[in-house]
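S.K.: Pasting data.txt here (compact mmCIF, C-alpha atoms and all ligand atoms):
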```txt
# COMPACT_ATOMS: atom_id res chain seq x y z
CA MET A 601 47.51 103.14 95.99
CA ALA A 602 51.27 103.61 96.14
CA ASN A 603 53.37 100.50 95.94
CA ASN A 604 55.65 99.48 98.77
CA ARG A 605 58.10 98.42 96.06
CA ASP A 606 59.67 101.60 94.77
CA PHE A 607 59.16 101.31 91.03
CA SER A 608 61.06 104.55 90.46
CA VAL A 609 64.20 102.48 91.08
CA HIS A 610 63.22 98.85 90.51
CA PRO A 611 62.61 97.47 87.02
CA PRO A 612 59.08 96.48 86.07
CA HIS A 613 58.23 92.79 85.88
CA LEU A 614 57.44 93.04 82.18
CA TYR A 615 60.15 94.50 79.95
CA PRO A 616 59.60 92.93 76.52
CA ASP A 617 63.07 93.82 75.15
CA TYR A 618 64.29 91.28 77.72
CA LYS A 619 62.44 88.40 76.10
CA SER A 620 62.36 86.03 79.06
CA THR A 621 60.08 88.45 80.92
CA ILE A 622 57.24 87.90 78.46
CA LEU A 623 56.07 84.51 79.76
CA ARG A 624 57.32 84.96 83.31
CA ALA A 625 56.22 88.42 84.46
CA PRO A 626 53.13 88.40 86.69
CA THR A 627 50.30 90.23 84.93
CA ARG A 628 48.12 91.23 87.89
CA PRO A 629 48.86 94.05 90.34
CA LEU A 630 50.88 93.10 93.41
CA MET A 631 48.62 92.76 96.42
CA PRO A 632 49.26 95.23 99.24
CA VAL A 633 50.08 93.70 102.63
CA LYS A 634 50.33 95.02 106.16
CA GLU A 635 53.57 96.44 107.40
CA TYR A 636 54.20 93.64 109.91
CA LEU A 637 54.40 91.17 107.05
CA ARG A 638 56.85 93.27 105.05
CA GLN A 639 58.97 93.76 108.16
CA LEU A 640 59.03 90.11 109.13
CA LYS A 641 62.49 89.34 110.49
CA MET A 642 64.63 87.15 108.25
CA PRO A 643 67.09 84.44 109.32
CA VAL A 644 70.40 85.51 110.81
CA TYR A 645 73.57 83.60 109.94
CA GLY A 646 76.51 83.04 112.26
CA GLU A 647 80.19 83.59 111.39
CA SER A 648 80.73 79.84 111.29
CA VAL A 649 78.90 79.50 107.95
CA ILE A 650 81.58 81.59 106.23
CA GLY A 651 84.58 79.50 105.18
CA GLN A 652 88.14 80.79 105.29
CA PHE A 653 88.26 81.79 101.60
CA ASP A 654 84.56 82.32 100.93
CA ASN A 655 85.11 86.06 100.44
CA ASP A 656 88.22 85.58 98.32
CA LEU A 657 87.29 84.17 94.92
CA THR A 658 90.92 84.35 93.84
CA LYS A 659 91.59 81.57 96.36
CA ASN A 660 88.41 79.55 96.93
CA GLY A 661 88.53 77.73 93.59
CA GLN A 662 92.26 77.08 93.37
CA LYS A 663 93.29 73.62 92.18
CA ASN A 664 96.85 74.00 90.93
CA GLY A 665 97.57 77.72 90.90
CA ALA A 666 96.05 81.18 90.82
CA PRO A 667 93.15 82.07 88.50
CA ILE A 668 93.89 84.08 85.36
CA GLY A 669 92.73 87.67 85.07
CA GLU A 670 92.76 91.03 86.78
CA ARG A 671 92.56 90.71 90.55
CA ILE A 672 90.19 93.27 92.08
CA LYS A 673 88.76 94.19 95.45
CA VAL A 674 85.02 94.85 95.65
CA PHE A 675 83.84 96.58 98.80
CA GLY A 676 81.00 98.69 100.09
CA LYS A 677 78.44 99.33 102.74
CA ILE A 678 74.95 97.90 103.09
CA THR A 679 72.57 100.51 104.46
CA ASP A 680 68.89 101.31 104.75
CA GLU A 681 67.42 104.37 103.04
CA TYR A 682 68.60 106.58 105.92
CA GLY A 683 72.21 105.52 105.43
CA ARG A 684 72.33 103.39 108.56
CA GLY A 685 74.59 100.36 108.15
CA ILE A 686 72.93 96.96 108.29
CA PRO A 687 75.13 94.45 110.10
CA ASN A 688 75.26 90.68 109.72
CA MET A 689 73.70 90.50 106.26
CA LEU A 690 74.34 87.35 104.28
CA ILE A 691 75.87 88.46 100.97
CA GLU A 692 76.28 85.82 98.27
CA ILE A 693 77.94 86.54 94.93
CA TRP A 694 78.54 84.76 91.64
CA GLN A 695 80.12 85.76 88.35
CA ALA A 696 81.79 84.70 85.11
CA ASN A 697 85.57 84.23 84.95
CA SER A 698 87.92 86.68 83.24
CA ALA A 699 87.11 85.16 79.84
CA GLY A 700 83.37 85.69 80.31
CA ARG A 701 82.66 82.01 81.02
CA TYR A 702 80.47 80.74 83.84
CA ILE A 703 81.29 77.40 85.41
CA HIS A 704 77.54 76.62 85.21
CA LYS A 705 76.94 73.37 83.29
CA LEU A 706 74.31 74.86 81.02
CA GLU A 707 76.53 77.68 79.87
CA ILE A 708 77.81 77.03 76.35
CA HIS A 709 79.75 80.19 75.53
CA ASP A 710 82.90 79.18 73.66
CA ALA A 711 85.39 80.68 76.09
CA PRO A 712 87.75 78.77 78.36
CA LEU A 713 86.93 77.66 81.87
CA ASP A 714 89.59 78.50 84.43
CA PRO A 715 90.47 75.40 86.46
CA ASN A 716 91.39 77.66 89.38
CA PHE A 717 88.27 79.81 89.44
CA LEU A 718 84.84 78.89 90.74
CA GLY A 719 83.19 82.31 90.69
CA GLY A 720 80.98 81.90 93.76
CA GLY A 721 81.46 83.33 97.24
CA ARG A 722 79.77 84.62 100.35
CA THR A 723 80.36 86.85 103.35
CA LEU A 724 78.54 88.64 106.18
CA SER A 725 78.45 92.41 106.59
CA ASP A 726 80.29 93.66 109.68
CA LYS A 727 78.90 95.72 112.58
CA GLU A 728 78.80 98.88 110.43
CA GLY A 729 77.34 97.13 107.41
CA ASN A 730 80.62 96.97 105.48
CA TYR A 731 81.67 94.05 103.31
CA SER A 732 84.46 93.21 100.89
CA PHE A 733 85.52 90.52 98.44
CA TYR A 734 88.60 89.80 96.42
CA THR A 735 87.89 88.39 93.00
CA ILE A 736 88.89 88.38 89.34
CA LYS A 737 87.29 90.99 87.12
CA PRO A 738 84.58 89.16 85.14
CA GLY A 739 84.53 89.25 81.35
CA ALA A 740 81.58 90.13 79.12
CA TYR A 741 79.65 87.20 77.65
CA PRO A 742 77.14 86.72 74.84
CA TRP A 743 73.58 85.54 75.44
CA GLY A 744 70.65 84.51 73.31
CA ASN A 745 68.23 87.37 73.86
CA HIS A 746 68.76 88.82 70.38
CA TYR A 747 71.38 88.80 67.61
CA ASN A 748 74.83 89.79 68.92
CA ALA A 749 73.59 90.29 72.49
CA TRP A 750 76.30 90.70 75.14
CA ARG A 751 76.03 91.26 78.87
CA PRO A 752 78.17 94.05 80.33
CA ASN A 753 80.73 92.87 82.89
CA HIS A 754 78.88 92.20 86.12
CA ILE A 755 78.89 90.45 89.46
CA HIS A 756 75.62 88.99 90.77
CA PHE A 757 74.72 89.78 94.40
CA SER A 758 72.14 88.16 96.68
CA LEU A 759 71.38 89.82 100.01
CA ILE A 760 69.35 88.42 102.85
CA GLY A 761 68.41 91.44 104.90
CA ALA A 762 67.06 92.00 108.34
CA HIS A 763 63.47 92.14 107.04
CA LEU A 764 61.52 90.29 104.38
CA GLU A 765 61.17 93.47 102.32
CA GLN A 766 64.95 93.82 102.28
CA ARG A 767 65.55 90.61 100.35
CA LEU A 768 67.40 91.69 97.21
CA VAL A 769 69.09 90.09 94.22
CA THR A 770 70.97 92.51 92.01
CA GLN A 771 74.00 92.90 89.75
CA MET A 772 77.00 95.16 90.15
CA TYR A 773 78.44 96.68 86.96
CA PHE A 774 81.72 98.45 86.22
CA PRO A 775 82.06 102.15 85.37
CA GLY A 776 81.90 103.25 81.75
CA ASP A 777 80.94 99.90 80.22
CA PRO A 778 80.19 100.43 76.50
CA LEU A 779 77.61 97.63 76.60
CA PHE A 780 75.21 99.43 78.97
CA GLU A 781 73.21 101.02 76.18
CA PHE A 782 72.70 97.68 74.41
CA ASP A 783 71.77 95.53 77.42
CA PRO A 784 68.03 95.11 78.01
CA ILE A 785 68.56 93.98 81.61
CA PHE A 786 70.44 97.16 82.48
CA GLN A 787 68.10 99.25 80.30
CA GLY A 788 65.06 97.66 81.95
CA THR A 789 65.97 99.60 85.08
CA PRO A 790 64.46 103.12 85.34
CA LYS A 791 66.93 105.57 83.81
CA ASN A 792 67.63 107.62 86.91
CA ALA A 793 68.30 104.48 88.94
CA ARG A 794 70.79 102.85 86.53
CA PRO A 795 73.83 104.65 88.00
CA LEU A 796 73.02 102.97 91.35
CA LEU A 797 74.00 99.63 89.77
CA VAL A 798 77.42 100.85 88.70
CA SER A 799 80.36 100.49 91.08
CA LYS A 800 82.85 103.33 91.47
CA PHE A 801 86.56 102.93 90.96
CA SER A 802 88.33 103.77 94.22
CA MET A 803 91.98 104.81 94.11
CA ASP A 804 91.91 105.22 97.91
CA ASN A 805 91.09 101.56 98.42
CA THR A 806 93.23 100.23 95.61
CA GLU A 807 95.98 98.09 97.12
CA ALA A 808 99.45 98.93 95.83
CA GLU A 809 101.08 96.14 93.83
CA PHE A 810 98.00 93.98 94.39
CA ALA A 811 94.48 94.92 93.27
CA LEU A 812 92.32 97.75 91.90
CA ALA A 813 89.31 98.51 94.09
CA TYR A 814 85.66 99.08 93.18
CA GLU A 815 83.11 100.44 95.63
CA PHE A 816 79.53 99.17 95.47
CA ASN A 817 77.23 100.47 98.19
CA ILE A 818 73.84 98.80 98.51
CA VAL A 819 70.74 100.52 99.84
CA LEU A 820 67.87 98.32 101.01
CA ASN A 821 64.20 99.02 101.45
CA GLY A 822 63.18 100.04 104.95
CA LYS A 823 60.97 103.09 105.16
CA LYS A 824 59.45 102.82 108.56
CA SER A 825 62.47 102.53 110.79
CA THR A 826 62.85 105.86 112.60
CA PRO A 827 65.33 105.65 115.45
CA PHE A 828 66.15 109.36 114.97
CA GLU A 829 63.04 110.60 116.73
CA MET B 1408 66.70 113.78 106.38
CA LYS B 1409 67.15 113.03 102.70
CA LYS B 1410 66.56 109.41 101.92
CA LEU B 1411 68.93 107.38 99.80
CA LYS B 1412 67.56 105.66 96.74
CA GLN B 1413 67.29 101.90 96.98
CA THR B 1414 69.63 99.77 94.91
CA PRO B 1415 67.56 98.41 92.00
CA SER B 1416 66.81 94.72 91.71
CA GLN B 1417 68.27 92.79 88.75
CA THR B 1418 67.40 89.30 87.58
CA VAL B 1419 69.06 86.31 89.24
CA GLY B 1420 69.77 85.06 85.69
CA PRO B 1421 70.18 81.42 84.70
CA PHE B 1422 73.62 80.76 86.23
CA PHE B 1423 73.15 81.09 89.99
CA ALA B 1424 73.43 77.42 90.86
CA TYR B 1425 77.15 77.03 91.57
CA SER B 1426 76.90 79.71 94.24
CA LEU B 1427 73.38 79.72 95.70
CA THR B 1428 72.52 75.99 95.39
CA ALA B 1429 75.94 74.45 94.76
CA GLU B 1430 75.53 71.11 96.54
CA GLN B 1431 72.13 70.42 95.01
CA TYR B 1432 73.57 70.91 91.51
CA GLY B 1433 76.83 69.07 92.22
CA TYR B 1434 79.26 71.98 92.16
CA ASP B 1435 82.43 72.00 94.21
CA PHE B 1436 81.26 74.57 96.79
CA ASN B 1437 79.42 73.97 100.04
CA SER B 1438 75.85 75.14 100.60
CA ILE B 1439 74.60 76.77 103.77
CA ILE B 1440 70.91 76.66 102.78
CA ASN B 1441 69.20 73.62 101.27
CA ASP B 1442 65.94 71.67 100.93
CA SER B 1443 65.62 70.83 104.62
CA LEU B 1444 64.22 73.46 106.99
CA ALA B 1445 64.64 71.34 110.08
CA ASP B 1446 67.11 68.71 111.14
CA PHE B 1447 65.38 65.43 111.80
CA SER B 1448 68.41 63.44 112.86
CA PHE B 1449 67.88 61.92 116.30
CA GLU B 1450 71.09 63.15 117.91
CA LYS B 1451 70.56 66.78 117.05
CA ARG B 1452 66.98 66.55 118.12
CA ALA B 1453 67.96 65.26 121.53
CA LYS B 1454 70.65 67.92 121.85
CA ASN B 1455 68.52 70.86 120.89
CA ALA B 1456 65.17 69.59 122.13
CA LEU B 1457 63.78 70.91 118.88
CA ASN B 1458 61.15 69.18 116.80
CA THR B 1459 59.83 67.39 119.85
CA GLU B 1460 56.43 67.70 121.42
CA GLY B 1461 56.06 66.09 124.83
CA GLY B 1462 58.71 63.58 123.87
CA GLN B 1463 56.93 62.75 120.64
CA ASN B 1464 58.79 63.40 117.45
CA VAL B 1465 57.07 65.71 115.06
CA ALA B 1466 56.62 64.03 111.71
CA PRO B 1467 58.17 65.78 108.75
CA ILE B 1468 56.05 67.14 105.97
CA TYR B 1469 57.11 67.71 102.39
CA ILE B 1470 56.24 70.83 100.42
CA THR B 1471 56.37 70.14 96.72
CA GLY B 1472 55.36 71.83 93.49
CA LYS B 1473 56.34 73.38 90.22
CA ILE B 1474 56.59 76.89 88.86
CA ILE B 1475 54.57 77.30 85.68
CA ASP B 1476 55.12 80.02 83.08
CA GLY B 1477 52.57 81.76 80.86
CA ALA B 1478 52.82 79.03 78.21
CA GLY B 1479 52.02 76.32 80.76
CA ASN B 1480 55.59 75.03 80.91
CA SER B 1481 57.39 74.22 84.14
CA VAL B 1482 60.27 76.60 84.80
CA PRO B 1483 63.63 74.75 84.85
CA ASP B 1484 65.80 77.57 86.17
CA ALA B 1485 63.98 79.19 89.07
CA ILE B 1486 65.13 79.41 92.64
CA ILE B 1487 62.61 79.21 95.44
CA GLU B 1488 63.07 80.09 99.10
CA LEU B 1489 60.81 79.19 102.03
CA TRP B 1490 60.82 80.94 105.42
CA GLN B 1491 58.53 79.71 108.17
CA ALA B 1492 57.87 79.34 111.88
CA ASP B 1493 58.19 76.00 113.66
CA GLU B 1494 55.48 73.74 115.09
CA HIS B 1495 55.10 76.15 118.03
CA GLY B 1496 54.66 79.21 115.81
CA GLN B 1497 58.18 80.46 116.58
CA TYR B 1498 60.57 81.76 113.96
CA ARG B 1499 64.23 80.95 114.34
CA THR B 1500 65.90 84.02 115.84
CA THR B 1501 69.25 82.69 117.04
CA PRO B 1502 72.07 82.72 114.47
CA ILE B 1503 72.06 79.76 112.11
CA GLN B 1504 75.44 78.04 112.11
CA GLY B 1505 74.91 75.75 109.12
CA LYS B 1506 72.32 73.92 107.12
CA ASN B 1507 71.63 71.21 109.67
CA ASP B 1508 71.61 73.43 112.73
CA GLY B 1509 68.32 72.33 114.29
CA PHE B 1510 65.21 74.05 113.05
CA THR B 1511 66.25 76.86 110.69
CA GLY B 1512 62.90 77.49 109.01
CA PHE B 1513 64.75 78.70 105.93
CA GLY B 1514 65.15 76.61 102.78
CA ARG B 1515 66.26 77.11 99.21
CA LEU B 1516 66.06 74.98 96.06
CA GLY B 1517 66.66 75.42 92.35
CA THR B 1518 64.18 73.79 89.98
CA GLY B 1519 66.87 72.51 87.61
CA THR B 1520 67.85 69.15 89.13
CA ASN B 1521 64.50 67.34 88.98
CA ALA B 1522 63.40 66.06 85.57
CA ALA B 1523 59.93 67.52 86.04
CA HIS B 1524 61.38 70.79 87.48
CA ARG B 1525 59.72 69.97 90.76
CA PHE B 1526 60.90 71.34 94.09
CA THR B 1527 60.43 69.30 97.28
CA PHE B 1528 61.30 70.65 100.73
CA LYS B 1529 61.34 68.71 103.98
CA THR B 1530 60.10 70.63 106.99
CA VAL B 1531 57.71 70.65 109.94
CA LYS B 1532 54.24 72.04 109.64
CA PRO B 1533 54.24 75.50 111.19
CA ALA B 1534 51.73 76.52 113.85
CA SER B 1535 49.78 79.78 113.71
CA VAL B 1536 51.83 82.93 114.23
CA ASN B 1537 50.28 86.05 115.77
CA GLY B 1538 46.79 84.93 114.86
CA ASP B 1539 47.64 84.27 111.22
CA ALA B 1540 46.79 80.81 109.91
CA PRO B 1541 49.77 78.43 109.59
CA HIS B 1542 51.72 79.57 106.57
CA VAL B 1543 55.07 79.64 104.83
CA ASN B 1544 56.58 82.74 103.22
CA VAL B 1545 57.70 82.02 99.66
CA ILE B 1546 60.19 84.03 97.57
CA ILE B 1547 60.88 83.20 93.92
CA PHE B 1548 63.66 84.33 91.60
CA MET B 1549 64.39 83.38 88.00
CA ARG B 1550 65.74 84.45 84.66
CA GLY B 1551 63.08 86.72 83.22
CA LEU B 1552 62.07 88.11 86.60
CA LEU B 1553 63.78 91.48 86.86
CA LEU B 1554 62.63 91.54 90.44
CA HIS B 1555 61.64 88.59 92.61
CA VAL B 1556 58.11 87.78 93.71
CA HIS B 1557 56.70 87.08 97.17
CA THR B 1558 53.77 84.85 97.98
CA ARG B 1559 52.45 82.86 100.92
CA LEU B 1560 51.59 79.19 101.24
CA TYR B 1561 48.62 78.11 103.40
CA PHE B 1562 47.58 74.52 104.17
CA SER B 1563 44.47 72.82 102.78
CA ASP B 1564 43.78 71.01 106.08
CA GLU B 1565 43.59 74.28 108.05
CA MET B 1566 40.38 75.56 106.53
CA SER B 1567 38.95 77.05 109.71
CA ALA B 1568 42.20 78.88 110.53
CA ASN B 1569 42.44 79.95 106.90
CA ALA B 1570 38.95 81.40 107.05
CA GLN B 1571 40.07 83.60 109.99
CA ASP B 1572 43.29 84.72 108.35
CA SER B 1573 43.17 88.45 107.61
CA LEU B 1574 45.58 88.38 104.68
CA LEU B 1575 43.95 85.41 102.99
CA SER B 1576 40.51 86.91 103.56
CA SER B 1577 41.61 90.12 101.85
CA VAL B 1578 42.36 88.17 98.64
CA GLU B 1579 39.52 88.01 96.11
CA ALA B 1580 37.61 84.79 96.83
CA GLU B 1581 38.22 83.28 93.39
CA ARG B 1582 42.01 83.69 93.73
CA ARG B 1583 42.42 82.36 97.28
CA ASP B 1584 43.01 78.83 96.12
CA THR B 1585 46.26 79.95 94.45
CA LEU B 1586 47.68 80.30 97.98
CA ILE B 1587 46.55 76.91 99.29
CA ALA B 1588 48.90 73.92 99.31
CA HIS B 1589 46.89 70.74 98.93
CA LYS B 1590 47.53 67.82 101.25
CA ILE B 1591 48.37 64.47 99.69
CA ASP B 1592 49.12 61.34 101.68
CA VAL B 1593 51.49 58.89 100.04
CA ASP B 1594 51.97 55.71 102.09
CA GLY B 1595 51.73 57.63 105.35
CA THR B 1596 54.02 60.46 104.24
CA THR B 1597 52.44 63.89 104.09
CA PHE B 1598 53.00 66.05 101.04
CA TYR B 1599 51.53 69.47 100.39
CA GLU B 1600 51.43 70.38 96.73
CA PHE B 1601 51.88 74.05 95.91
CA ASN B 1602 52.15 74.99 92.25
CA ILE B 1603 53.01 78.56 91.41
CA HIS B 1604 51.54 80.05 88.25
CA LEU B 1605 53.31 83.16 86.99
CA GLN B 1606 50.53 84.10 84.57
CA GLY B 1607 47.13 83.02 83.31
CA GLU B 1608 43.81 82.13 84.84
CA LYS B 1609 45.41 80.48 87.86
CA GLU B 1610 48.01 83.23 88.35
CA THR B 1611 49.29 83.07 91.92
CA VAL B 1612 48.63 86.08 94.13
CA PHE B 1613 51.94 87.92 94.60
CA PHE B 1614 52.43 90.47 97.35
CA ASP B 1615 53.75 94.01 97.30
CA ILE B 1616 56.71 93.41 99.61
FE FE C 1701 75.38 86.97 84.64
```
What is this structure when it is put down as structure tokens?
Ligand SMILES: [Fe+3]
M.R.:
Amino acid sequence: MANNRDFSVHPPHLYPDYKSTILRAPTRPLMPVKEYLRQLKMPVYGESVIGQFDNDLTKNGQKNGAPIGERIKVFGKITDEYGRGIPNMLIEIWQANSAGRYIHKLEIHDAPLDPNFLGGGRTLSDKEGNYSFYTIKPGAYPWGNHYNAWRPNHIHFSLIGAHLEQRLVTQMYFPGDPLFEFDPIFQGTPKNARPLLVSKFSMDNTEAEFALAYEFNIVLNGKKSTPFE
Amino acid sequence: MKKLKQTPSQTVGPFFAYSLTAEQYGYDFNSIINDSLADFSFEKRAKNALNTEGGQNVAPIYITGKIIDGAGNSVPDAIIELWQADEHGQYRTTPIQGKNDGFTGFGRLGTGTNAAHRFTFKTVKPASVNGDAPHVNVIIFMRGLLLHVHTRLYFSDEMSANAQDSLLSSVEAERRDTLIAHKIDVDGTTFYEFNIHLQGEKETVFFDI
């Protein structure tokens, strides 16, 4: 039986080159469920949960000045598989600072913290499904998966969609990163789907004298919606 | 019409806490989702007339458990989300304006702040929804999961409703218990224990969602 999860785009649970999957990947087949369960409506958040600077990571962690690094704009559209924008999605992001250091207490990479950068933010998609953030371009960082392992520059995204089956956590990468071919998380994704994780540089949306822009469109599961009939 | 390809899932990684569960972990960022799925404070209850049944307050329940990996160790860096209906079988549909905005039915915890890597949510026990036995939808993310997993929590003191539940009945009999949260009374407080096993003999049933 065909999976509801599209495994031509999503990574498998078990990908042994990414060592943490070995003891954590479920081993039995996913159990099929009826459509009404997959399409269960998810919570909707109101504008009031989004603080003034929650979508501007260059401002929301400031203590005594601006964070160090290259200011960028990240923007895009959240759609279903038919390209229809999904409004009012809760989008949460987190990332390392420009030196490749996370503020997370368990992170031990020997790179400086930035007192003016938190690295977390959130926003809601607008009526057409569009969103945008300002942030600092994250640096690459080493990790313990294997000798000399480094993650490509990336921003983590969490999306709470209209339906249960649209819940997604993913990572946005930057074009042309030389670390792609060495990263088992990126490589764990089916080959043809990897480009979908890479943002596109956008000169049109780059803001003069202010910030380069990267476009990252996100397509969520949702096969059965057919308002075009 | 040509369909677009879905954006692939990627792991949540180990460093989500300062964004997704900031207050729980003590980071300087507010949280809009936490361990409480309903607001039990008296004032809000009176204002919203939620969590009341004929003037009687509905007692909170606690949903607690651990996530266990294939080596039998509790997972210290998972994130678990619960989504459920209220005591009338109604899901929250109006926009949620914050984490204590009446009954939200949506909760989120990381497993990294309790020494035993235990999660404990405070909520109300849901009623049946559309003929399904009372249940809670559970979503789990962690380092080492390239894509999240979905499961469902049923209640051990709802055996007759559980027996009628079409989804639970479709699970092989010997694996059904992996979806049952077991009731424990501690000094009059009701806990339901729900441990999630990622692998092994007691591997939890995960759904294709
Ligand atoms: Fe990361």
S.K.: Please identify all protein, DNA and RNA residues within 9 Å of ligand FE 1701 (chain C), counting all atoms listed in the file, and report them as a ChimeraX atom specification.
M.R.: /A:694-696,702,740-741,751-756,771 /B:1418-1423
S.K.: At a cut-off of 6 Å, can you tabulate as CSV every residue of chain A near chain B together with its closest atom pair and the distance in Å to one decimal, using all atoms listed in the file and ordering rows by chain then number?
M.R.:
```
residue,atom,partner,partner_atom,distance
A:Asn604,CA,B:Asp1615,CA,6.0
A:Val609,CA,B:Pro1415,CA,5.4
A:His610,CA,B:Pro1415,CA,4.6
A:His613,CA,B:Leu1553,CA,5.8
A:Ser620,CA,B:Gly1551,CA,4.3
A:Thr621,CA,B:Gly1551,CA,4.2
A:Leu623,CA,B:Gly1477,CA,4.6
A:Arg624,CA,B:Asp1476,CA,5.4
A:Pro626,CA,B:Leu1605,CA,5.3
A:Leu630,CA,B:Asp1615,CA,4.9
A:Met631,CA,B:Phe1614,CA,4.5
A:Pro632,CA,B:Asp1615,CA,5.0
A:Arg638,CA,B:Ile1616,CA,5.4
A:Val644,CA,B:Pro1502,CA,4.9
A:Tyr645,CA,B:Ile1503,CA,4.7
A:Gly646,CA,B:Pro1502,CA,5.0
A:Ser648,CA,B:Gln1504,CA,5.6
A:Val649,CA,B:Gly1505,CA,5.6
A:Glu681,CA,B:Leu1411,CA,4.7
A:Tyr682,CA,B:Lys1410,CA,5.3
A:Trp694,CA,B:Ser1426,CA,5.9
A:His704,CA,B:Phe1422,CA,5.8
A:Gly720,CA,B:Ser1426,CA,4.7
A:Glu765,CA,B:Ile1616,CA,5.2
A:Val769,CA,B:Ser1416,CA,5.7
A:Thr770,CA,B:Gln1417,CA,4.2
A:Gln771,CA,B:Gln1417,CA,5.8
A:Leu796,CA,B:Thr1414,CA,5.9
A:Ile818,CA,B:Thr1414,CA,5.6
A:Val819,CA,B:Gln1413,CA,4.7
A:Leu820,CA,B:Gln1413,CA,5.4
```
S.K.: Would you pick out the contacts of A:Ser802 at 9 Å or less, using all atoms listed in the file, so that residues sharing its chain but fewer than 4 positions from it are not included, and give the list as a PyMOL selection string?
M.R.: chain A and resi 806+812-815
S.K.: Could you tell me how far atom CA of A:Leu690 sits from atom CA of A:Asp654, in Å to one decimal place?
M.R.: 11.9 Å
S.K.: Determine the nearest neighbour of B:Phe1598 from the options B:Thr1530, B:Gln1571, B:Gln1431, B:Ser1535, counting all atoms listed in the file.
M.R.: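 Closest residue, counting all atoms listed in the file: B:Thr1530.
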S.K.: Between atom CA of A:Ile760 and atom CA of B:Glu1600, what is the distance, to one decimal in Å?
M.R.: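 Answer for the atom CA of A:Ile760 to atom CA of B:Glu1600 separation: 26.2 Å.
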S.K.: Between atom CA of B:Ile1547 and atom CA of A:Pro612, measure the distance and give it in Å to one decimal.
M.R.: 15.5 Å
S.K.: May I ask which of the residues B:Asn1521, B:Asn1569, B:Thr1471, B:Asn1537 is the closest one to B:Phe1601, counting only C-alpha atoms?
M.R.: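 Under the stated criterion, the closest residue is B:Thr1471.
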S.K.: Give as a PyMOL selection string every residue, naming chains and numbers as the document does, that has an atom within 12 Å of (85.1, 104.0, 88.7), counting only C-alpha atoms.
M.R.: chain A and resi 674+773-777+795+797-806+812-816
S.K.: So, counting all atoms listed in the file, which residue among A:Glu647, A:Glu809, A:Asp714, A:Asp680 is closest to A:Ile668?
M.R.: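 With all atoms listed in the file as the atom set, the closest residue is A:Asp714.
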S.K.: Identify which of the residues B:Phe1510, B:Lys1590, B:Leu1489, B:Ser1576 lies closest to B:Arg1559, counting all atoms listed in the file when measuring atom-to-atom distances.
M.R.: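 Counting all atoms listed in the file, the residue closest to B:Arg1559 is B:Leu1489.
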S.K.: Might I get the box with edges along x, y and z of the file that holds all atoms of stretch 1547-1552 of chain B listed there, padded by 6 Å on every side, given as centre and edge lengths in Å to one decimal, as JSON?
M.R.:
```
{"center_x": 63.3, "center_y": 85.7, "center_z": 88.6, "size_x": 16.9, "size_y": 16.9, "size_z": 22.7}
```
S.K.: Using only C-alpha atoms, pick whichever of B:Asp1493, B:Thr1597, B:Ile1591, B:Ala1540 has the shortest atom-to-atom distance to B:Asp1572.
M.R.: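 With only C-alpha atoms as the atom set, the closest residue is B:Ala1540.
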S.K.: Nearest to A:Gly721: which of A:Ile736, A:Ala699, A:Leu640, A:Ala749 is it, counting only C-alpha atoms?
M.R.: A:Ile736
S.K.: For stretch 694-700 of chain A, supply N, CA, C and O atoms and format the output as a PDB file, keeping the file's coordinate frame.
M.R.:
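Resulting contents of result.pdb:
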```pdb
ATOM      1  N   TRP A 694      78.096  85.699  92.676  1.00  0.00           N
ATOM      2  CA  TRP A 694      78.540  84.760  91.640  1.00  0.00           C
ATOM      3  C   TRP A 694      78.812  85.543  90.359  1.00  0.00           C
ATOM      4  O   TRP A 694      78.232  86.601  90.141  1.00  0.00           O
ATOM      5  N   GLN A 695      79.676  85.002  89.528  1.00  0.00           N
ATOM      6  CA  GLN A 695      80.120  85.760  88.350  1.00  0.00           C
ATOM      7  C   GLN A 695      80.804  84.845  87.352  1.00  0.00           C
ATOM      8  O   GLN A 695      81.166  83.713  87.648  1.00  0.00           O
ATOM      9  N   ALA A 696      81.001  85.370  86.139  1.00  0.00           N
ATOM     10  CA  ALA A 696      81.790  84.700  85.110  1.00  0.00           C
ATOM     11  C   ALA A 696      83.282  84.875  85.420  1.00  0.00           C
ATOM     12  O   ALA A 696      83.676  85.743  86.197  1.00  0.00           O
ATOM     13  N   ASN A 697      84.119  84.059  84.791  1.00  0.00           N
ATOM     14  CA  ASN A 697      85.570  84.230  84.950  1.00  0.00           C
ATOM     15  C   ASN A 697      86.061  85.363  84.030  1.00  0.00           C
ATOM     16  O   ASN A 697      85.257  86.047  83.382  1.00  0.00           O
ATOM     17  N   SER A 698      87.378  85.537  83.990  1.00  0.00           N
ATOM     18  CA  SER A 698      87.920  86.680  83.240  1.00  0.00           C
ATOM     19  C   SER A 698      87.667  86.567  81.745  1.00  0.00           C
ATOM     20  O   SER A 698      87.699  87.566  81.030  1.00  0.00           O
ATOM     21  N   ALA A 699      87.391  85.364  81.265  1.00  0.00           N
ATOM     22  CA  ALA A 699      87.110  85.160  79.840  1.00  0.00           C
ATOM     23  C   ALA A 699      85.616  85.289  79.534  1.00  0.00           C
ATOM     24  O   ALA A 699      85.197  85.097  78.392  1.00  0.00           O
ATOM     25  N   GLY A 700      84.816  85.570  80.537  1.00  0.00           N
ATOM     26  CA  GLY A 700      83.370  85.690  80.310  1.00  0.00           C
ATOM     27  C   GLY A 700      82.677  84.343  80.317  1.00  0.00           C
ATOM     28  O   GLY A 700      81.603  84.178  79.735  1.00  0.00           O
TER      29      GLY A 700
END
```
